[in-house]
Amino acid sequence: MSAATGVVSGIRVSHDRASLDEVEAACHADEQMVLQRLLDVPGVHEAFTLQTCNRFEAYVVTDADAAGRAALADFAPDVGGHSVVEMSHEQSLRHLLRVAAGLESLVLGEDQILGQIRDAYESAREAGALGPMLDAAVTKAIHVGERARTETDINDGAVSVGSAAVKLLGDRTDLAEATGLVVGTGEMGTIAAHALADADVGTLYLANRSLDGAAEVAREVDHDDVRTLALSDLASALDSADVVVSATGSETHVLTADDFRGSGEVLVVDIAQPRDVSPAADTVNGVSVHGMSALESVTDETERQRRAAAESVESMIDREFAHLLESYKRKRADEVISAMYESAERVKERELSEALTKLDARGDLTDDQREVVSSLADALVSQLLAPPTKSLRDAAAEDDWGTINTALQLFDPDFGEDGQPPAFVREQFGGEIPEDVAEQMPDDVRAMIAGDDD
């Protein structure tokens, strides 16, 4: 497949339409495996996936929309159809920009999603899953996300799930001098640890599978009384904890109902995906467990403050989205222009060789004279092709595929070895050519696009 001639298709299962259980069911433990499964589907040229505690998204590049939809059909088999959103080419591209800018997050404008997209981008690159279409789309999304946060106030206030979890705790109890426990010191846990330290908790426990990881975060946190422990030693910290934020990457429950018995009054926010805390823990006397859905109420005030900024971000996305589509169209036009120049170059070389042979019939043509004739031929080709080059780029920008097809026929009548125009031109019409375009096209070109063998 040549540059930018494919179609992007996407699916998503996210918090706006699906429950957290459905998001969890859609996510896969091995992201590299998901990418490879997608790439193994016949007709898939590129793939990209994004998995967070609030979303599972997958994107592929194929030659046709139908092939993309088919490739993604089995990637959320345990999720109800109402919760799976299929996205067309333009919907997929715009959605990626909105996600990176924080407009699709549970916490409007949160910063964490941008890092998650960067990580997913690196994973896809390592897997060899990115090509010209998705590489351009994801890097554009990252660029938009960075601009949104540096040029607007979209990320003012509590902007991450980790900090929102601590705000939820602070709304329900006095954190000053309380004993805090963070379970899991990954990205979300680290943010929660900093937020608890900023809230002046008395003692801050950091529990992690790796003690070295907990110790590293402890060194970063600005707090006088930070203590680290392994997950196997959680019981001792739970006996002292007043508030708990759990954010590990465990596939099974880290905290059960039995772990909380005898702990007294404890407020717990579980922001892990899959969930760290057994639902049964909420039935233990004195224990109150809050999940991701509880953060929505916490973020209402923050969202109100950011709506004005979000309008600016929407305008930014509109402009960047238009630029992205234009770059794809320009690349598509460049494919046709390249074919045009290659055809002209073949003619030029043939005629130049013949002319030089005739001029040098007596053997007295100098190298300088040969150079003058060759330069003249090059100049003629460049000047003659400059106007159609501009016209073809304008045609691509205006989706004028009839003009592009005509150019292909004029400069490469055989349309390559298989006698067909490029796939992106055939797909543009889907076998049905608009009447006004059809009138401008030669009969044989129109028949090829429509798939009429007669």
# chains A, B, ... in the order shown; residues from 1 in each chain; ligands from 1
>>> closest_atom_pairs(of="stretch 325-351 of chain A", to="stretch 6-16 of chain A", cutoff="12 Å", atoms="only C-alpha atoms", output="tab-separated table")
residue	atom	partner	partner_atom	distance
A:Leu325	CA	A:Val7	CA	11.7
A:Tyr328	CA	A:Gly6	CA	9.5
A:Lys329	CA	A:Gly6	CA	11.0
A:Lys331	CA	A:Gly6	CA	11.2
A:Arg332	CA	A:Gly6	CA	9.7
>>> write_last_selection(atoms="N, CA and C atoms", output="mmCIF file, in the first residue's frame")
data_model
loop_
_atom_site.group_PDB
_atom_site.id
_atom_site.type_symbol
_atom_site.label_atom_id
_atom_site.label_comp_id
_atom_site.auth_asym_id
_atom_site.auth_seq_id
_atom_site.Cartn_x
_atom_site.Cartn_y
_atom_site.Cartn_z
ATOM 1 N N LEU A 325 -6.365 15.971 7.358
ATOM 2 C CA LEU A 325 -7.030 15.477 6.149
ATOM 3 C C LEU A 325 -6.359 16.033 4.893
ATOM 4 N N TYR A 328 -3.219 14.128 4.111
ATOM 5 C CA TYR A 328 -3.503 12.842 3.475
ATOM 6 C C TYR A 328 -3.836 13.032 1.993
ATOM 7 N N LYS A 329 -4.679 14.007 1.726
ATOM 8 C CA LYS A 329 -5.077 14.246 0.338
ATOM 9 C C LYS A 329 -3.884 14.678 -0.513
ATOM 10 N N LYS A 331 -0.810 13.810 -0.036
ATOM 11 C CA LYS A 331 -0.004 12.617 -0.304
ATOM 12 C C LYS A 331 -0.634 11.763 -1.396
ATOM 13 N N ARG A 332 -1.969 11.705 -1.404
ATOM 14 C CA ARG A 332 -2.644 10.947 -2.452
ATOM 15 C C ARG A 332 -2.412 11.597 -3.813
#
>>> residues_around(residues="A:Leu20", least_positions_apart="2", cutoff="12 Å", atoms="only C-alpha atoms", output="mmCIF file with C-alpha atoms, in the first residue's frame")
data_model
loop_
_atom_site.group_PDB
_atom_site.id
_atom_site.type_symbol
_atom_site.label_atom_id
_atom_site.label_comp_id
_atom_site.auth_asym_id
_atom_site.auth_seq_id
_atom_site.Cartn_x
_atom_site.Cartn_y
_atom_site.Cartn_z
ATOM 1 C CA VAL A 13 -15.538 0.906 24.414
ATOM 2 C CA SER A 14 -15.335 3.808 26.835
ATOM 3 C CA HIS A 15 -16.866 5.283 29.966
ATOM 4 C CA ASP A 16 -19.326 7.476 28.070
ATOM 5 C CA ARG A 17 -21.287 4.462 26.751
ATOM 6 C CA ALA A 18 -20.013 1.427 28.659
ATOM 7 C CA GLU A 22 -17.568 -3.740 30.031
ATOM 8 C CA VAL A 23 -14.399 -1.673 29.561
ATOM 9 C CA GLU A 24 -12.536 -4.270 31.607
ATOM 10 C CA ALA A 25 -13.997 -7.075 29.472
ATOM 11 C CA ALA A 26 -12.878 -5.329 26.291
ATOM 12 C CA CYS A 27 -9.294 -4.691 27.420
ATOM 13 C CA THR A 52 -6.710 2.696 29.899
ATOM 14 C CA CYS A 53 -8.887 2.248 32.964
ATOM 15 C CA ASN A 54 -11.675 4.076 31.113
ATOM 16 C CA ARG A 55 -11.354 2.921 27.526
ATOM 17 C CA PHE A 56 -10.383 0.305 24.993
ATOM 18 C CA VAL A 79 -19.347 -6.371 25.448
ATOM 19 C CA SER A 83 -21.498 -0.150 24.308
ATOM 20 C CA LEU A 106 -13.778 11.253 32.616
ATOM 21 C CA ASP A 270 -10.322 2.029 43.818
ATOM 22 C CA ILE A 271 -9.017 3.498 40.544
ATOM 23 C CA ALA A 272 -7.442 0.305 39.208
ATOM 24 C CA GLN A 273 -8.516 -1.496 36.055
ATOM 25 C CA PRO A 274 -9.253 -4.339 36.640
ATOM 26 C CA ARG A 275 -10.472 -3.465 40.111
ATOM 27 C CA GLY A 291 -14.969 3.209 42.316
ATOM 28 C CA MET A 292 -14.252 5.194 39.154
ATOM 29 C CA SER A 293 -17.896 6.167 38.669
ATOM 30 C CA ALA A 294 -17.807 8.137 41.932
#
>>> residues_around(residues="stretch 147-152 of chain A", least_positions_apart="4", cutoff="9 Å", atoms="only C-alpha atoms", output="list in words")
Ala100, Ala101, Gly102, Gly109, Asp111, Ile142, His143, Asp156, Ala309, Ala310, Ser312, Val313, Met316 and Ile317 of chain A
>>> residues_around(residues="stretch 114-121 of chain A", least_positions_apart="6", cutoff="12 Å", atoms="only C-alpha atoms", output="ChimeraX atom specification")
/A:30-32,34-35,47-59,96-105,127-131,134-149,155,159-160,187-188
>>> write_last_selection(atoms="N, CA and C atoms", output="compact mmCIF listing (two decimals), in the first residue's frame")
# COMPACT_ATOMS: atom_id res chain seq x y z
N ASP A 30 -2.28 -8.25 27.15
CA ASP A 30 -1.06 -8.10 26.35
C ASP A 30 -1.34 -7.21 25.15
N GLU A 31 -0.90 -5.96 25.22
CA GLU A 31 -1.16 -5.01 24.15
C GLU A 31 -0.46 -5.41 22.85
N GLN A 32 0.77 -5.93 22.97
CA GLN A 32 1.50 -6.36 21.78
C GLN A 32 0.77 -7.50 21.07
N VAL A 34 -2.47 -7.92 21.02
CA VAL A 34 -3.62 -7.34 20.33
C VAL A 34 -3.18 -6.75 18.99
N LEU A 35 -2.08 -6.02 19.02
CA LEU A 35 -1.57 -5.42 17.78
C LEU A 35 -1.24 -6.50 16.75
N ALA A 47 -1.97 -0.85 12.52
CA ALA A 47 -2.85 -1.02 13.69
C ALA A 47 -2.35 -0.17 14.85
N PHE A 48 -3.30 0.24 15.69
CA PHE A 48 -2.97 1.02 16.88
C PHE A 48 -4.04 0.74 17.93
N THR A 49 -3.63 0.54 19.18
CA THR A 49 -4.59 0.32 20.26
C THR A 49 -4.28 1.23 21.43
N LEU A 50 -5.31 1.59 22.16
CA LEU A 50 -5.18 2.42 23.35
C LEU A 50 -6.04 1.80 24.45
N GLN A 51 -5.41 1.40 25.54
CA GLN A 51 -6.12 0.78 26.66
C GLN A 51 -5.81 1.55 27.94
N THR A 52 -6.86 2.03 28.61
CA THR A 52 -6.71 2.70 29.90
C THR A 52 -7.80 2.16 30.82
N CYS A 53 -7.86 2.71 32.04
CA CYS A 53 -8.89 2.25 32.96
C CYS A 53 -10.28 2.65 32.51
N ASN A 54 -10.37 3.58 31.56
CA ASN A 54 -11.67 4.08 31.11
C ASN A 54 -12.01 3.75 29.67
N ARG A 55 -11.07 3.11 28.95
CA ARG A 55 -11.35 2.92 27.53
C ARG A 55 -10.52 1.79 26.92
N PHE A 56 -11.12 1.17 25.91
CA PHE A 56 -10.38 0.31 24.99
C PHE A 56 -10.69 0.82 23.59
N GLU A 57 -9.64 1.11 22.84
CA GLU A 57 -9.82 1.60 21.49
C GLU A 57 -8.85 0.87 20.56
N ALA A 58 -9.32 0.58 19.36
CA ALA A 58 -8.47 -0.08 18.36
C ALA A 58 -8.72 0.56 17.01
N TYR A 59 -7.63 0.74 16.25
CA TYR A 59 -7.71 1.37 14.93
C TYR A 59 -6.91 0.53 13.94
N LEU A 96 -9.41 10.58 17.87
CA LEU A 96 -8.05 10.50 18.40
C LEU A 96 -7.56 11.87 18.88
N LEU A 97 -7.83 12.90 18.12
CA LEU A 97 -7.43 14.26 18.51
C LEU A 97 -8.15 14.68 19.79
N ARG A 98 -9.43 14.37 19.89
CA ARG A 98 -10.20 14.74 21.08
C ARG A 98 -9.72 13.99 22.32
N VAL A 99 -9.39 12.72 22.15
CA VAL A 99 -8.89 11.94 23.29
C VAL A 99 -7.59 12.53 23.80
N ALA A 100 -6.66 12.82 22.90
CA ALA A 100 -5.36 13.37 23.30
C ALA A 100 -5.50 14.72 23.98
N ALA A 101 -6.48 15.50 23.56
CA ALA A 101 -6.69 16.83 24.15
C ALA A 101 -7.41 16.76 25.49
N GLY A 102 -7.87 15.58 25.87
CA GLY A 102 -8.56 15.43 27.15
C GLY A 102 -10.04 15.70 27.10
N LEU A 103 -10.60 15.87 25.90
CA LEU A 103 -12.03 16.18 25.78
C LEU A 103 -12.91 14.95 25.94
N GLU A 104 -12.34 13.76 25.84
CA GLU A 104 -13.11 12.53 25.97
C GLU A 104 -12.85 11.84 27.31
N SER A 105 -12.12 12.49 28.20
CA SER A 105 -11.75 11.87 29.48
C SER A 105 -12.85 12.04 30.51
N ALA A 127 6.17 -2.76 17.77
CA ALA A 127 5.54 -3.93 17.14
C ALA A 127 5.54 -3.84 15.62
N GLY A 128 6.01 -2.73 15.08
CA GLY A 128 5.99 -2.54 13.63
C GLY A 128 4.59 -2.39 13.09
N ALA A 129 3.68 -1.86 13.95
CA ALA A 129 2.26 -1.79 13.56
C ALA A 129 1.89 -0.47 12.89
N LEU A 130 2.75 0.53 12.97
CA LEU A 130 2.42 1.84 12.42
C LEU A 130 2.98 2.02 11.02
N GLY A 131 2.20 2.68 10.19
CA GLY A 131 2.62 3.03 8.84
C GLY A 131 2.32 4.50 8.62
N LEU A 134 -1.45 5.88 10.25
CA LEU A 134 -1.63 5.96 11.70
C LEU A 134 -0.48 6.68 12.38
N ASP A 135 0.71 6.58 11.84
CA ASP A 135 1.82 7.35 12.43
C ASP A 135 1.51 8.84 12.38
N ALA A 136 1.03 9.29 11.23
CA ALA A 136 0.68 10.71 11.09
C ALA A 136 -0.48 11.08 12.02
N ALA A 137 -1.46 10.19 12.14
CA ALA A 137 -2.64 10.48 12.96
C ALA A 137 -2.29 10.56 14.44
N VAL A 138 -1.51 9.60 14.93
CA VAL A 138 -1.19 9.58 16.37
C VAL A 138 -0.23 10.71 16.73
N THR A 139 0.76 10.97 15.89
CA THR A 139 1.67 12.07 16.19
C THR A 139 0.92 13.41 16.14
N LYS A 140 -0.02 13.54 15.23
CA LYS A 140 -0.85 14.75 15.20
C LYS A 140 -1.67 14.86 16.49
N ALA A 141 -2.22 13.73 16.96
CA ALA A 141 -3.00 13.74 18.20
C ALA A 141 -2.13 14.18 19.38
N ILE A 142 -0.91 13.66 19.46
CA ILE A 142 0.00 14.04 20.55
C ILE A 142 0.31 15.53 20.47
N HIS A 143 0.54 16.02 19.27
CA HIS A 143 0.80 17.45 19.07
C HIS A 143 -0.38 18.30 19.54
N VAL A 144 -1.59 17.87 19.19
CA VAL A 144 -2.78 18.61 19.61
C VAL A 144 -2.92 18.58 21.13
N GLY A 145 -2.66 17.41 21.73
CA GLY A 145 -2.74 17.30 23.18
C GLY A 145 -1.78 18.23 23.88
N GLU A 146 -0.57 18.34 23.36
CA GLU A 146 0.42 19.24 23.95
C GLU A 146 0.00 20.69 23.79
N ARG A 147 -0.49 21.05 22.62
CA ARG A 147 -0.94 22.43 22.39
C ARG A 147 -2.11 22.79 23.29
N ALA A 148 -3.04 21.86 23.44
CA ALA A 148 -4.23 22.13 24.27
C ALA A 148 -3.83 22.48 25.69
N ARG A 149 -2.80 21.82 26.20
CA ARG A 149 -2.42 22.02 27.60
C ARG A 149 -1.48 23.20 27.80
N ASN A 155 -6.35 22.17 31.44
CA ASN A 155 -5.86 21.28 32.49
C ASN A 155 -5.66 21.98 33.82
N VAL A 159 -6.52 17.31 37.44
CA VAL A 159 -6.67 16.86 36.06
C VAL A 159 -6.35 15.39 35.85
N SER A 160 -6.16 14.63 36.87
CA SER A 160 -5.87 13.21 36.68
C SER A 160 -6.79 12.39 37.56
N GLU A 187 1.88 5.07 37.57
CA GLU A 187 1.62 6.48 37.25
C GLU A 187 0.48 7.05 38.08
N MET A 188 -0.66 6.36 38.13
CA MET A 188 -1.81 6.88 38.88
C MET A 188 -1.53 6.89 40.38
>>> closest_residue(among="A:Asp276, A:Asp378, A:Asp222, A:Asp360", to="A:Val245", atoms="only C-alpha atoms")
A:Asp276
>>> select_by_dssp(residues="stretch 175-300 of chain A", states="alpha helix (DSSP H)", output="PyMOL selection string")
chain A and resi 187-198+211-220+234-240+257-260+295-300
>>> write_last_selection(atoms="N, CA and C atoms", output="mmCIF file, in the first residue's frame")
data_model
loop_
_atom_site.group_PDB
_atom_site.id
_atom_site.type_symbol
_atom_site.label_atom_id
_atom_site.label_comp_id
_atom_site.auth_asym_id
_atom_site.auth_seq_id
_atom_site.Cartn_x
_atom_site.Cartn_y
_atom_site.Cartn_z
ATOM 1 N N GLU A 187 1.880 5.069 37.571
ATOM 2 C CA GLU A 187 1.619 6.477 37.252
ATOM 3 C C GLU A 187 0.480 7.050 38.084
ATOM 4 N N MET A 188 -0.665 6.363 38.127
ATOM 5 C CA MET A 188 -1.809 6.882 38.883
ATOM 6 C C MET A 188 -1.534 6.892 40.379
ATOM 7 N N GLY A 189 -0.884 5.825 40.875
ATOM 8 C CA GLY A 189 -0.556 5.771 42.292
ATOM 9 C C GLY A 189 0.406 6.864 42.691
ATOM 10 N N THR A 190 1.370 7.159 41.832
ATOM 11 C CA THR A 190 2.335 8.227 42.115
ATOM 12 C C THR A 190 1.638 9.579 42.208
ATOM 13 N N ILE A 191 0.712 9.831 41.294
ATOM 14 C CA ILE A 191 -0.040 11.091 41.332
ATOM 15 C C ILE A 191 -0.843 11.177 42.628
ATOM 16 N N ALA A 192 -1.482 10.073 43.015
ATOM 17 C CA ALA A 192 -2.253 10.060 44.263
ATOM 18 C C ALA A 192 -1.355 10.288 45.469
ATOM 19 N N ALA A 193 -0.152 9.713 45.450
ATOM 20 C CA ALA A 193 0.786 9.893 46.564
ATOM 21 C C ALA A 193 1.172 11.363 46.713
ATOM 22 N N HIS A 194 1.465 12.007 45.607
ATOM 23 C CA HIS A 194 1.802 13.435 45.664
ATOM 24 C C HIS A 194 0.620 14.256 46.166
ATOM 25 N N ALA A 195 -0.581 13.906 45.693
ATOM 26 C CA ALA A 195 -1.769 14.650 46.111
ATOM 27 C C ALA A 195 -2.037 14.471 47.603
ATOM 28 N N LEU A 196 -1.862 13.288 48.135
ATOM 29 C CA LEU A 196 -2.044 13.056 49.577
ATOM 30 C C LEU A 196 -0.992 13.811 50.385
ATOM 31 N N ALA A 197 0.234 13.825 49.877
ATOM 32 C CA ALA A 197 1.284 14.583 50.561
ATOM 33 C C ALA A 197 0.944 16.071 50.588
ATOM 34 N N ASP A 198 0.441 16.579 49.472
ATOM 35 C CA ASP A 198 0.045 17.988 49.408
ATOM 36 C C ASP A 198 -1.117 18.291 50.342
ATOM 37 N N LEU A 211 9.521 -3.261 46.182
ATOM 38 C CA LEU A 211 9.884 -2.275 47.196
ATOM 39 C C LEU A 211 10.740 -1.159 46.604
ATOM 40 N N ASP A 212 11.557 -1.493 45.620
ATOM 41 C CA ASP A 212 12.389 -0.475 44.978
ATOM 42 C C ASP A 212 11.516 0.585 44.304
ATOM 43 N N GLY A 213 10.420 0.128 43.677
ATOM 44 C CA GLY A 213 9.513 1.077 43.041
ATOM 45 C C GLY A 213 8.863 1.988 44.054
ATOM 46 N N ALA A 214 8.447 1.438 45.180
ATOM 47 C CA ALA A 214 7.840 2.252 46.231
ATOM 48 C C ALA A 214 8.853 3.234 46.804
ATOM 49 N N ALA A 215 10.091 2.768 46.983
ATOM 50 C CA ALA A 215 11.137 3.629 47.534
ATOM 51 C C ALA A 215 11.451 4.791 46.600
ATOM 52 N N GLU A 216 11.422 4.531 45.291
ATOM 53 C CA GLU A 216 11.691 5.598 44.327
ATOM 54 C C GLU A 216 10.645 6.702 44.418
ATOM 55 N N VAL A 217 9.364 6.306 44.525
ATOM 56 C CA VAL A 217 8.298 7.303 44.658
ATOM 57 C C VAL A 217 8.417 8.025 46.008
ATOM 58 N N ALA A 218 8.779 7.291 47.051
ATOM 59 C CA ALA A 218 8.926 7.896 48.371
ATOM 60 C C ALA A 218 9.971 9.013 48.349
ATOM 61 N N ARG A 219 11.028 8.816 47.583
ATOM 62 C CA ARG A 219 12.069 9.851 47.490
ATOM 63 C C ARG A 219 11.568 11.091 46.759
ATOM 64 N N GLU A 220 10.611 10.889 45.851
ATOM 65 C CA GLU A 220 10.099 12.014 45.074
ATOM 66 C C GLU A 220 9.040 12.817 45.815
ATOM 67 N N LEU A 234 0.427 -5.625 53.464
ATOM 68 C CA LEU A 234 -0.636 -4.615 53.493
ATOM 69 C C LEU A 234 -1.421 -4.610 54.794
ATOM 70 N N ALA A 235 -1.584 -5.744 55.426
ATOM 71 C CA ALA A 235 -2.421 -5.838 56.625
ATOM 72 C C ALA A 235 -1.990 -4.854 57.700
ATOM 73 N N SER A 236 -0.693 -4.692 57.903
ATOM 74 C CA SER A 236 -0.213 -3.795 58.953
ATOM 75 C C SER A 236 -0.563 -2.349 58.657
ATOM 76 N N ALA A 237 -0.481 -1.962 57.391
ATOM 77 C CA ALA A 237 -0.812 -0.584 57.025
ATOM 78 C C ALA A 237 -2.313 -0.350 57.076
ATOM 79 N N LEU A 238 -3.113 -1.358 56.690
ATOM 80 C CA LEU A 238 -4.570 -1.202 56.714
ATOM 81 C C LEU A 238 -5.080 -0.970 58.129
ATOM 82 N N ASP A 239 -4.422 -1.548 59.117
ATOM 83 C CA ASP A 239 -4.847 -1.349 60.507
ATOM 84 C C ASP A 239 -4.721 0.112 60.919
ATOM 85 N N SER A 240 -3.802 0.847 60.262
ATOM 86 C CA SER A 240 -3.566 2.245 60.628
ATOM 87 C C SER A 240 -4.234 3.233 59.672
ATOM 88 N N ALA A 257 -12.397 -8.534 51.368
ATOM 89 C CA ALA A 257 -13.177 -8.148 52.547
ATOM 90 C C ALA A 257 -12.456 -8.535 53.833
ATOM 91 N N ASP A 258 -11.845 -9.689 53.845
ATOM 92 C CA ASP A 258 -11.139 -10.144 55.043
ATOM 93 C C ASP A 258 -9.989 -9.217 55.405
ATOM 94 N N ASP A 259 -9.360 -8.613 54.410
ATOM 95 C CA ASP A 259 -8.240 -7.715 54.697
ATOM 96 C C ASP A 259 -8.679 -6.492 55.495
ATOM 97 N N PHE A 260 -9.954 -6.108 55.355
ATOM 98 C CA PHE A 260 -10.438 -4.891 56.021
ATOM 99 C C PHE A 260 -11.086 -5.160 57.378
ATOM 100 N N LEU A 295 -16.023 9.298 40.751
ATOM 101 C CA LEU A 295 -15.215 10.475 40.432
ATOM 102 C C LEU A 295 -15.965 11.475 39.560
ATOM 103 N N GLU A 296 -17.049 11.029 38.917
ATOM 104 C CA GLU A 296 -17.783 11.939 38.040
ATOM 105 C C GLU A 296 -18.320 13.142 38.810
ATOM 106 N N SER A 297 -18.874 12.897 40.010
ATOM 107 C CA SER A 297 -19.408 14.001 40.805
ATOM 108 C C SER A 297 -18.294 14.920 41.277
ATOM 109 N N VAL A 298 -17.122 14.334 41.563
ATOM 110 C CA VAL A 298 -15.987 15.134 42.021
ATOM 111 C C VAL A 298 -15.539 16.097 40.946
ATOM 112 N N THR A 299 -15.652 15.676 39.727
ATOM 113 C CA THR A 299 -15.114 16.473 38.625
ATOM 114 C C THR A 299 -16.103 17.475 38.038
ATOM 115 N N ASP A 300 -17.334 17.487 38.509
ATOM 116 C CA ASP A 300 -18.330 18.412 37.957
ATOM 117 C C ASP A 300 -17.876 19.864 38.045
#
>>> residues_around(residues="A:Val201", least_positions_apart="3", cutoff="7 Å", atoms="only C-alpha atoms", output="PyMOL selection string")
chain A and resi 175-180+196-197+204
>>> write_last_selection(atoms="N, CA and C atoms", output="PDB file, in the first residue's frame")
ATOM      1  N   LEU A 175      -8.379  15.297  55.584  1.00  0.00           N
ATOM      2  CA  LEU A 175      -7.147  14.571  55.294  1.00  0.00           C
ATOM      3  C   LEU A 175      -5.967  15.028  56.148  1.00  0.00           C
ATOM      4  N   ALA A 176      -6.047  16.220  56.707  1.00  0.00           N
ATOM      5  CA  ALA A 176      -4.939  16.724  57.526  1.00  0.00           C
ATOM      6  C   ALA A 176      -4.725  15.803  58.720  1.00  0.00           C
ATOM      7  N   GLU A 177      -3.520  15.299  58.834  1.00  0.00           N
ATOM      8  CA  GLU A 177      -3.115  14.396  59.920  1.00  0.00           C
ATOM      9  C   GLU A 177      -3.729  13.002  59.802  1.00  0.00           C
ATOM     10  N   ALA A 178      -4.476  12.724  58.744  1.00  0.00           N
ATOM     11  CA  ALA A 178      -4.985  11.360  58.544  1.00  0.00           C
ATOM     12  C   ALA A 178      -3.834  10.471  58.083  1.00  0.00           C
ATOM     13  N   THR A 179      -4.023   9.180  58.203  1.00  0.00           N
ATOM     14  CA  THR A 179      -3.029   8.230  57.701  1.00  0.00           C
ATOM     15  C   THR A 179      -3.487   7.742  56.336  1.00  0.00           C
ATOM     16  N   GLY A 180      -2.642   7.957  55.356  1.00  0.00           N
ATOM     17  CA  GLY A 180      -2.987   7.595  53.995  1.00  0.00           C
ATOM     18  C   GLY A 180      -2.209   6.391  53.517  1.00  0.00           C
ATOM     19  N   LEU A 196      -1.862  13.288  48.135  1.00  0.00           N
ATOM     20  CA  LEU A 196      -2.044  13.056  49.577  1.00  0.00           C
ATOM     21  C   LEU A 196      -0.992  13.811  50.385  1.00  0.00           C
ATOM     22  N   ALA A 197       0.234  13.825  49.877  1.00  0.00           N
ATOM     23  CA  ALA A 197       1.284  14.583  50.561  1.00  0.00           C
ATOM     24  C   ALA A 197       0.944  16.071  50.588  1.00  0.00           C
ATOM     25  N   LEU A 204       2.136   8.643  55.430  1.00  0.00           N
ATOM     26  CA  LEU A 204       1.794   8.177  54.089  1.00  0.00           C
ATOM     27  C   LEU A 204       2.494   6.852  53.832  1.00  0.00           C
TER      28      LEU A 204
END
>>> atom_distance(atom1="atom CA of A:His290", atom2="atom CA of A:Asn208")
20.6 Å
>>> select_by_dssp(residues="stretch 1-84 of chain A", states="strand (DSSP E or B)", output="MDAnalysis selection string")
chainID A and resid 7:14 46:51 55:62
>>> write_last_selection(atoms="C-alpha atoms", output="mmCIF file, in the first residue's frame")
data_model
loop_
_atom_site.group_PDB
_atom_site.id
_atom_site.type_symbol
_atom_site.label_atom_id
_atom_site.label_comp_id
_atom_site.auth_asym_id
_atom_site.auth_seq_id
_atom_site.Cartn_x
_atom_site.Cartn_y
_atom_site.Cartn_z
ATOM 1 C CA VAL A 7 -8.859 4.007 5.133
ATOM 2 C CA VAL A 8 -8.799 4.235 8.943
ATOM 3 C CA SER A 9 -11.469 2.329 10.878
ATOM 4 C CA GLY A 10 -11.870 2.284 14.647
ATOM 5 C CA ILE A 11 -13.890 0.901 17.541
ATOM 6 C CA ARG A 12 -14.076 2.078 21.127
ATOM 7 C CA VAL A 13 -15.538 0.906 24.414
ATOM 8 C CA SER A 14 -15.335 3.808 26.835
ATOM 9 C CA GLU A 46 -1.481 -0.778 10.144
ATOM 10 C CA ALA A 47 -2.847 -1.021 13.686
ATOM 11 C CA PHE A 48 -2.969 1.020 16.885
ATOM 12 C CA THR A 49 -4.590 0.315 20.257
ATOM 13 C CA LEU A 50 -5.183 2.419 23.354
ATOM 14 C CA GLN A 51 -6.115 0.781 26.657
ATOM 15 C CA ARG A 55 -11.354 2.921 27.526
ATOM 16 C CA PHE A 56 -10.383 0.305 24.993
ATOM 17 C CA GLU A 57 -9.817 1.600 21.487
ATOM 18 C CA ALA A 58 -8.470 -0.078 18.363
ATOM 19 C CA TYR A 59 -7.713 1.371 14.931
ATOM 20 C CA VAL A 60 -6.701 -0.291 11.668
ATOM 21 C CA VAL A 61 -5.818 0.836 8.171
ATOM 22 C CA THR A 62 -7.245 -1.170 5.280
#
